[in-house]
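Chemist: One structure is given below, represented as structure tokens, and several questions about it will come after.
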Amino acid sequence: MKLALRIDVDTHDGMRDGVPEIRRILDRHGFVGTFFFSFGPDRSGLAVLRAFTKPGFVSKMMRTKATSMYGVRTALSGTLLPSRPIAVKFPQIARECTSAGHEVGVHAWDHVAWQDRLHGWSLEKTVQQFDRAVSAFEEVFRCKPHCSAAPAWYALPHSLEAQERHGLRYSTDCRLPFGADGDPGNELEGAFLPEYGGKAFKTPQIAAGLPTLDELLGRDGWTLERVADVWLSAAGRDTAVLTIHAEAEGRIYAPWFDGFCKSLKALGGRLTSMDALLPPAGTPLPRRRLELAEVPGRAGKVCCVVATRATGCVL
Ligand SMILES: [Zn+2]
């Protein structure tokens, strides 16, 4: 009984405070996970400004306690106040993750720029951004990365192409279609080879299936207890990916996440790094198609595995 854990690090404060706290929680329970770091500027203020123009934003902020989650400094970072670097500023904290047995990977150089501008970037510009994140990773960890995770699951055919040249063992750039009860089920879980925009790629993908805490709390009728129940029941099938954020589960939701880990352990379950979902080398992988689609509770479209009739998934 297990879940593969993806930990996104998106902000300066999430890096400084959230990563050590999540590590303490995981260590306490004997669990491991995969940390995906944003390395460059924290320009979350731009994301907050952008979100303010979207309908329903304020009510979602209230429900998810977003203001106390991010704090005023982060909400202004890159707008009224200068942006602060993320993982390049805390290389020691990043390196401690590997020495504690966690897997580490590339998330972004500039998370907000990727989300806002990837659709308009040329392949050259995308390569430049991705390579910049890879160089920062190499500087911090003194080795090459073997995995990456697209910021906010926003990936396009040219971003997959930018990654191909790095020979990654896998990337996790996509989501599974949202299931009727919040859990997409297991039909499309596990590693696969992606086809996107009519092109076949050779870097395997592992889709993140389970909805995140903020996506679920942003919907009517969802409580912390109900979120934990959906996550715990998914652990039974051993193939689901759970995504958490250093800014959320490592800060104001840390006591709740600790309680979730305790419940998982009491049921005989555990959290693993994402590479635990890779089959032995040489195993043929299925081909699956990707497309942009909406995921409830998340603004804008994200890269999603195309649902087939057989999955019974509700898009
Ligand atoms: Zn992120």
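By order of appearance in the structure tokens: chains A, B, ..., then residues from 1 within every chain, and ligands from 1 in the order shown.
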If we count only C-alpha atoms, what is near range 98-105 of chain A at a cut-off of 9 Å, once residues fewer than 5 positions away on the same chain are taken out, given as a PyMOL selection string?
Modeler: chain A and resi 23+27+31-37+137+141+145-149+272-275
Chemist: Using only C-alpha atoms and all ligand atoms, which residues of the polymer chains come no farther than 12 Å from ligand 1? I'd like the answer as a PDB file with N, CA, C and O atoms, in the first residue's frame.
Modeler:
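Heads up, here's the output in part_28.pdb:
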ATOM      1  N   ARG A   6       5.182  13.436  -5.016  1.00  0.00           N
ATOM      2  CA  ARG A   6       5.831  14.533  -5.741  1.00  0.00           C
ATOM      3  C   ARG A   6       5.694  15.789  -4.883  1.00  0.00           C
ATOM      4  O   ARG A   6       4.575  16.174  -4.517  1.00  0.00           O
ATOM      5  N   ILE A   7       6.829  16.420  -4.566  1.00  0.00           N
ATOM      6  CA  ILE A   7       6.798  17.639  -3.747  1.00  0.00           C
ATOM      7  C   ILE A   7       7.263  18.807  -4.616  1.00  0.00           C
ATOM      8  O   ILE A   7       8.420  18.861  -5.031  1.00  0.00           O
ATOM      9  N   ASP A   8       6.364  19.739  -4.928  1.00  0.00           N
ATOM     10  CA  ASP A   8       6.708  20.910  -5.740  1.00  0.00           C
ATOM     11  C   ASP A   8       7.221  22.023  -4.833  1.00  0.00           C
ATOM     12  O   ASP A   8       6.605  22.316  -3.802  1.00  0.00           O
ATOM     13  N   VAL A   9       8.331  22.633  -5.246  1.00  0.00           N
ATOM     14  CA  VAL A   9       8.872  23.769  -4.495  1.00  0.00           C
ATOM     15  C   VAL A   9       8.806  24.981  -5.419  1.00  0.00           C
ATOM     16  O   VAL A   9       9.543  25.069  -6.392  1.00  0.00           O
ATOM     17  N   ASP A  10       7.878  25.892  -5.113  1.00  0.00           N
ATOM     18  CA  ASP A  10       7.555  26.982  -6.045  1.00  0.00           C
ATOM     19  C   ASP A  10       7.981  28.362  -5.572  1.00  0.00           C
ATOM     20  O   ASP A  10       7.989  29.303  -6.364  1.00  0.00           O
ATOM     21  N   THR A  11       8.245  28.523  -4.270  1.00  0.00           N
ATOM     22  CA  THR A  11       8.508  29.871  -3.742  1.00  0.00           C
ATOM     23  C   THR A  11       9.733  29.880  -2.813  1.00  0.00           C
ATOM     24  O   THR A  11      10.171  28.838  -2.313  1.00  0.00           O
ATOM     25  N   GLY A  14       8.681  28.718   0.625  1.00  0.00           N
ATOM     26  CA  GLY A  14       8.444  27.267   0.573  1.00  0.00           C
ATOM     27  C   GLY A  14       9.764  26.517   0.622  1.00  0.00           C
ATOM     28  O   GLY A  14       9.879  25.459   1.244  1.00  0.00           O
ATOM     29  N   MET A  15      10.775  27.065  -0.044  1.00  0.00           N
ATOM     30  CA  MET A  15      12.109  26.448  -0.050  1.00  0.00           C
ATOM     31  C   MET A  15      12.754  26.549   1.334  1.00  0.00           C
ATOM     32  O   MET A  15      13.267  25.573   1.875  1.00  0.00           O
ATOM     33  N   PHE A  35      11.528  15.592  -4.536  1.00  0.00           N
ATOM     34  CA  PHE A  35      11.439  17.056  -4.491  1.00  0.00           C
ATOM     35  C   PHE A  35      11.758  17.617  -5.870  1.00  0.00           C
ATOM     36  O   PHE A  35      12.817  17.308  -6.437  1.00  0.00           O
ATOM     37  N   PHE A  36      10.863  18.449  -6.417  1.00  0.00           N
ATOM     38  CA  PHE A  36      11.111  19.137  -7.680  1.00  0.00           C
ATOM     39  C   PHE A  36      11.286  20.622  -7.376  1.00  0.00           C
ATOM     40  O   PHE A  36      10.357  21.276  -6.896  1.00  0.00           O
ATOM     41  N   PHE A  37      12.495  21.129  -7.664  1.00  0.00           N
ATOM     42  CA  PHE A  37      12.832  22.487  -7.247  1.00  0.00           C
ATOM     43  C   PHE A  37      12.667  23.521  -8.364  1.00  0.00           C
ATOM     44  O   PHE A  37      13.097  23.297  -9.501  1.00  0.00           O
ATOM     45  N   SER A  38      12.108  24.678  -8.001  1.00  0.00           N
ATOM     46  CA  SER A  38      12.235  25.876  -8.817  1.00  0.00           C
ATOM     47  C   SER A  38      13.529  26.525  -8.340  1.00  0.00           C
ATOM     48  O   SER A  38      13.743  26.676  -7.131  1.00  0.00           O
ATOM     49  N   PHE A  39      14.378  26.918  -9.273  1.00  0.00           N
ATOM     50  CA  PHE A  39      15.697  27.425  -8.875  1.00  0.00           C
ATOM     51  C   PHE A  39      15.802  28.944  -8.902  1.00  0.00           C
ATOM     52  O   PHE A  39      16.462  29.538  -8.075  1.00  0.00           O
ATOM     53  N   ASP A  42      11.562  33.997  -7.531  1.00  0.00           N
ATOM     54  CA  ASP A  42      10.211  33.796  -7.026  1.00  0.00           C
ATOM     55  C   ASP A  42       9.392  35.017  -7.437  1.00  0.00           C
ATOM     56  O   ASP A  42       9.498  36.068  -6.818  1.00  0.00           O
ATOM     57  N   SER A  44       6.013  35.049  -7.539  1.00  0.00           N
ATOM     58  CA  SER A  44       4.640  34.624  -7.240  1.00  0.00           C
ATOM     59  C   SER A  44       3.676  35.794  -7.234  1.00  0.00           C
ATOM     60  O   SER A  44       2.477  35.609  -7.434  1.00  0.00           O
ATOM     61  N   ALA A  47       1.740  35.916 -10.225  1.00  0.00           N
ATOM     62  CA  ALA A  47       0.703  34.889 -10.288  1.00  0.00           C
ATOM     63  C   ALA A  47      -0.520  35.335  -9.490  1.00  0.00           C
ATOM     64  O   ALA A  47      -1.659  35.117  -9.898  1.00  0.00           O
ATOM     65  N   ILE A  86      15.024  31.126  -5.490  1.00  0.00           N
ATOM     66  CA  ILE A  86      14.449  30.010  -4.724  1.00  0.00           C
ATOM     67  C   ILE A  86      15.571  29.015  -4.374  1.00  0.00           C
ATOM     68  O   ILE A  86      16.359  29.286  -3.476  1.00  0.00           O
ATOM     69  N   VAL A 106      14.222  18.539 -11.497  1.00  0.00           N
ATOM     70  CA  VAL A 106      14.083  19.913 -11.992  1.00  0.00           C
ATOM     71  C   VAL A 106      12.605  20.277 -12.104  1.00  0.00           C
ATOM     72  O   VAL A 106      11.826  19.536 -12.702  1.00  0.00           O
ATOM     73  N   HIS A 107      12.234  21.424 -11.533  1.00  0.00           N
ATOM     74  CA  HIS A 107      10.874  21.925 -11.707  1.00  0.00           C
ATOM     75  C   HIS A 107      10.894  23.092 -12.693  1.00  0.00           C
ATOM     76  O   HIS A 107      10.235  23.023 -13.723  1.00  0.00           O
ATOM     77  N   ALA A 108      11.683  24.136 -12.385  1.00  0.00           N
ATOM     78  CA  ALA A 108      11.687  25.315 -13.260  1.00  0.00           C
ATOM     79  C   ALA A 108      12.883  26.193 -12.965  1.00  0.00           C
ATOM     80  O   ALA A 108      13.510  26.070 -11.898  1.00  0.00           O
ATOM     81  N   TRP A 109      13.188  27.086 -13.927  1.00  0.00           N
ATOM     82  CA  TRP A 109      14.037  28.231 -13.595  1.00  0.00           C
ATOM     83  C   TRP A 109      13.115  29.331 -13.086  1.00  0.00           C
ATOM     84  O   TRP A 109      13.179  29.712 -11.943  1.00  0.00           O
ATOM     85  N   ASP A 110      12.182  29.789 -13.929  1.00  0.00           N
ATOM     86  CA  ASP A 110      11.226  30.823 -13.536  1.00  0.00           C
ATOM     87  C   ASP A 110       9.817  30.234 -13.699  1.00  0.00           C
ATOM     88  O   ASP A 110       9.263  30.211 -14.796  1.00  0.00           O
ATOM     89  N   HIS A 111       9.267  29.764 -12.589  1.00  0.00           N
ATOM     90  CA  HIS A 111       7.979  29.052 -12.575  1.00  0.00           C
ATOM     91  C   HIS A 111       6.866  29.897 -13.201  1.00  0.00           C
ATOM     92  O   HIS A 111       6.090  29.428 -14.036  1.00  0.00           O
ATOM     93  N   VAL A 112       6.780  31.163 -12.777  1.00  0.00           N
ATOM     94  CA  VAL A 112       5.681  32.021 -13.222  1.00  0.00           C
ATOM     95  C   VAL A 112       5.809  32.332 -14.718  1.00  0.00           C
ATOM     96  O   VAL A 112       4.821  32.310 -15.458  1.00  0.00           O
ATOM     97  N   ALA A 113       7.040  32.590 -15.166  1.00  0.00           N
ATOM     98  CA  ALA A 113       7.240  32.885 -16.590  1.00  0.00           C
ATOM     99  C   ALA A 113       6.837  31.682 -17.431  1.00  0.00           C
ATOM    100  O   ALA A 113       6.203  31.823 -18.480  1.00  0.00           O
ATOM    101  N   TRP A 114       7.189  30.481 -16.984  1.00  0.00           N
ATOM    102  CA  TRP A 114       6.834  29.254 -17.719  1.00  0.00           C
ATOM    103  C   TRP A 114       5.317  29.147 -17.860  1.00  0.00           C
ATOM    104  O   TRP A 114       4.784  28.924 -18.949  1.00  0.00           O
ATOM    105  N   GLN A 115       4.616  29.326 -16.744  1.00  0.00           N
ATOM    106  CA  GLN A 115       3.158  29.205 -16.772  1.00  0.00           C
ATOM    107  C   GLN A 115       2.518  30.250 -17.687  1.00  0.00           C
ATOM    108  O   GLN A 115       1.577  29.967 -18.399  1.00  0.00           O
ATOM    109  N   SER A 148      12.224  15.442 -14.316  1.00  0.00           N
ATOM    110  CA  SER A 148      11.728  16.822 -14.290  1.00  0.00           C
ATOM    111  C   SER A 148      10.208  16.803 -14.166  1.00  0.00           C
ATOM    112  O   SER A 148       9.554  15.802 -14.460  1.00  0.00           O
ATOM    113  N   ALA A 149       9.687  17.950 -13.731  1.00  0.00           N
ATOM    114  CA  ALA A 149       8.241  18.106 -13.542  1.00  0.00           C
ATOM    115  C   ALA A 149       7.848  19.485 -14.050  1.00  0.00           C
ATOM    116  O   ALA A 149       8.346  20.494 -13.543  1.00  0.00           O
ATOM    117  N   ALA A 150       6.977  19.558 -15.028  1.00  0.00           N
ATOM    118  CA  ALA A 150       6.595  20.864 -15.587  1.00  0.00           C
ATOM    119  C   ALA A 150       5.832  21.683 -14.551  1.00  0.00           C
ATOM    120  O   ALA A 150       4.967  21.149 -13.850  1.00  0.00           O
ATOM    121  N   PRO A 151       6.146  22.983 -14.453  1.00  0.00           N
ATOM    122  CA  PRO A 151       5.418  23.857 -13.528  1.00  0.00           C
ATOM    123  C   PRO A 151       3.916  23.798 -13.798  1.00  0.00           C
ATOM    124  O   PRO A 151       3.485  23.977 -14.943  1.00  0.00           O
ATOM    125  N   ALA A 152       3.164  23.534 -12.751  1.00  0.00           N
ATOM    126  CA  ALA A 152       1.697  23.516 -12.816  1.00  0.00           C
ATOM    127  C   ALA A 152       1.180  22.610 -13.935  1.00  0.00           C
ATOM    128  O   ALA A 152       0.120  22.859 -14.502  1.00  0.00           O
ATOM    129  N   TRP A 153       1.939  21.564 -14.273  1.00  0.00           N
ATOM    130  CA  TRP A 153       1.545  20.611 -15.331  1.00  0.00           C
ATOM    131  C   TRP A 153       1.246  21.327 -16.639  1.00  0.00           C
ATOM    132  O   TRP A 153       0.392  20.914 -17.412  1.00  0.00           O
ATOM    133  N   TYR A 154       1.950  22.418 -16.862  1.00  0.00           N
ATOM    134  CA  TYR A 154       1.769  23.122 -18.125  1.00  0.00           C
ATOM    135  C   TYR A 154       2.909  22.714 -19.050  1.00  0.00           C
ATOM    136  O   TYR A 154       4.052  23.150 -18.878  1.00  0.00           O
ATOM    137  N   THR A 172       7.451  14.214 -15.301  1.00  0.00           N
ATOM    138  CA  THR A 172       6.062  14.160 -14.848  1.00  0.00           C
ATOM    139  C   THR A 172       5.438  15.517 -15.152  1.00  0.00           C
ATOM    140  O   THR A 172       5.534  16.448 -14.375  1.00  0.00           O
ATOM    141  N   ASP A 173       4.902  15.616 -16.364  1.00  0.00           N
ATOM    142  CA  ASP A 173       4.413  16.893 -16.891  1.00  0.00           C
ATOM    143  C   ASP A 173       2.907  16.913 -17.063  1.00  0.00           C
ATOM    144  O   ASP A 173       2.367  17.886 -17.569  1.00  0.00           O
ATOM    145  N   THR A 212      -4.753  17.883  -5.956  1.00  0.00           N
ATOM    146  CA  THR A 212      -3.983  18.466  -4.859  1.00  0.00           C
ATOM    147  C   THR A 212      -4.928  19.027  -3.788  1.00  0.00           C
ATOM    148  O   THR A 212      -6.125  19.217  -4.034  1.00  0.00           O
ATOM    149  N   THR A 243       0.639  14.714  -5.254  1.00  0.00           N
ATOM    150  CA  THR A 243       1.453  15.942  -5.330  1.00  0.00           C
ATOM    151  C   THR A 243       1.139  16.835  -4.141  1.00  0.00           C
ATOM    152  O   THR A 243      -0.033  17.119  -3.862  1.00  0.00           O
ATOM    153  N   ILE A 244       2.192  17.284  -3.462  1.00  0.00           N
ATOM    154  CA  ILE A 244       2.015  18.280  -2.396  1.00  0.00           C
ATOM    155  C   ILE A 244       2.927  19.468  -2.704  1.00  0.00           C
ATOM    156  O   ILE A 244       3.784  19.394  -3.592  1.00  0.00           O
ATOM    157  N   HIS A 245       2.710  20.569  -2.004  1.00  0.00           N
ATOM    158  CA  HIS A 245       3.491  21.793  -2.237  1.00  0.00           C
ATOM    159  C   HIS A 245       4.225  22.207  -0.961  1.00  0.00           C
ATOM    160  O   HIS A 245       3.617  22.225   0.111  1.00  0.00           O
ATOM    161  N   ALA A 246       5.497  22.546  -1.116  1.00  0.00           N
ATOM    162  CA  ALA A 246       6.285  22.984   0.041  1.00  0.00           C
ATOM    163  C   ALA A 246       5.614  24.166   0.724  1.00  0.00           C
ATOM    164  O   ALA A 246       5.699  24.330   1.940  1.00  0.00           O
ATOM    165  N   GLU A 247       4.914  24.986  -0.070  1.00  0.00           N
ATOM    166  CA  GLU A 247       4.274  26.201   0.461  1.00  0.00           C
ATOM    167  C   GLU A 247       3.040  25.882   1.298  1.00  0.00           C
ATOM    168  O   GLU A 247       2.634  26.696   2.123  1.00  0.00           O
ATOM    169  N   ALA A 248       2.417  24.731   1.049  1.00  0.00           N
ATOM    170  CA  ALA A 248       1.160  24.398   1.724  1.00  0.00           C
ATOM    171  C   ALA A 248       1.393  23.322   2.796  1.00  0.00           C
ATOM    172  O   ALA A 248       1.380  23.603   3.991  1.00  0.00           O
TER     173      ALA A 248
END
Chemist: Please determine, counting only C-alpha atoms, which residue among A:Ala240, A:Ala200, A:Ala254, A:Cys143 has the shortest atom-to-atom distance to Leu213 in chain A.
Modeler: A:Ala254
Chemist: Return the single residue from A:Leu216, A:Val19, A:Leu278, A:Leu242 that is closest to Ser171 in chain A, with distances computed using only C-alpha atoms.
Modeler: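 When distances to Ser171 in chain A are compared using only C-alpha atoms, the smallest one comes from A:Leu278.
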Chemist: Find the spatial neighbours of Ala207 in chain A, counting only C-alpha atoms, within a cut-off of 7 Å - ignore same-chain residues fewer than 2 positions away - and output them as an mmCIF file with N, CA and C atoms, in the first residue's frame.
Modeler:
data_model
loop_
_atom_site.group_PDB
_atom_site.id
_atom_site.type_symbol
_atom_site.label_atom_id
_atom_site.label_comp_id
_atom_site.auth_asym_id
_atom_site.auth_seq_id
_atom_site.Cartn_x
_atom_site.Cartn_y
_atom_site.Cartn_z
ATOM 1 N N THR A 172 7.451 14.214 -15.301
ATOM 2 C CA THR A 172 6.062 14.160 -14.848
ATOM 3 C C THR A 172 5.438 15.517 -15.152
ATOM 4 N N ASP A 173 4.902 15.616 -16.364
ATOM 5 C CA ASP A 173 4.413 16.893 -16.891
ATOM 6 C C ASP A 173 2.907 16.913 -17.063
ATOM 7 N N CYS A 174 2.249 15.819 -16.718
ATOM 8 C CA CYS A 174 0.831 15.725 -17.090
ATOM 9 C C CYS A 174 -0.012 15.182 -15.949
ATOM 10 N N ARG A 175 -1.314 15.388 -16.122
ATOM 11 C CA ARG A 175 -2.298 14.928 -15.144
ATOM 12 C C ARG A 175 -3.170 13.853 -15.757
ATOM 13 N N LEU A 176 -3.880 13.160 -14.882
ATOM 14 C CA LEU A 176 -4.894 12.230 -15.357
ATOM 15 C C LEU A 176 -6.241 12.950 -15.338
ATOM 16 N N GLU A 189 -2.522 5.005 -14.752
ATOM 17 C CA GLU A 189 -1.359 5.251 -13.897
ATOM 18 C C GLU A 189 -0.144 4.465 -14.380
ATOM 19 N N GLN A 205 6.825 9.403 -19.448
ATOM 20 C CA GLN A 205 6.050 10.289 -18.573
ATOM 21 C C GLN A 205 5.394 9.462 -17.472
ATOM 22 N N GLY A 209 -1.923 11.772 -10.737
ATOM 23 C CA GLY A 209 -3.351 11.495 -10.795
ATOM 24 C C GLY A 209 -4.151 12.231 -9.735
#
Chemist: Quote the spacing between CA of Pro85 in chain A and CA of Leu26 in chain A in Å to one decimal place.
Modeler: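 It comes out at 25.2 Å.
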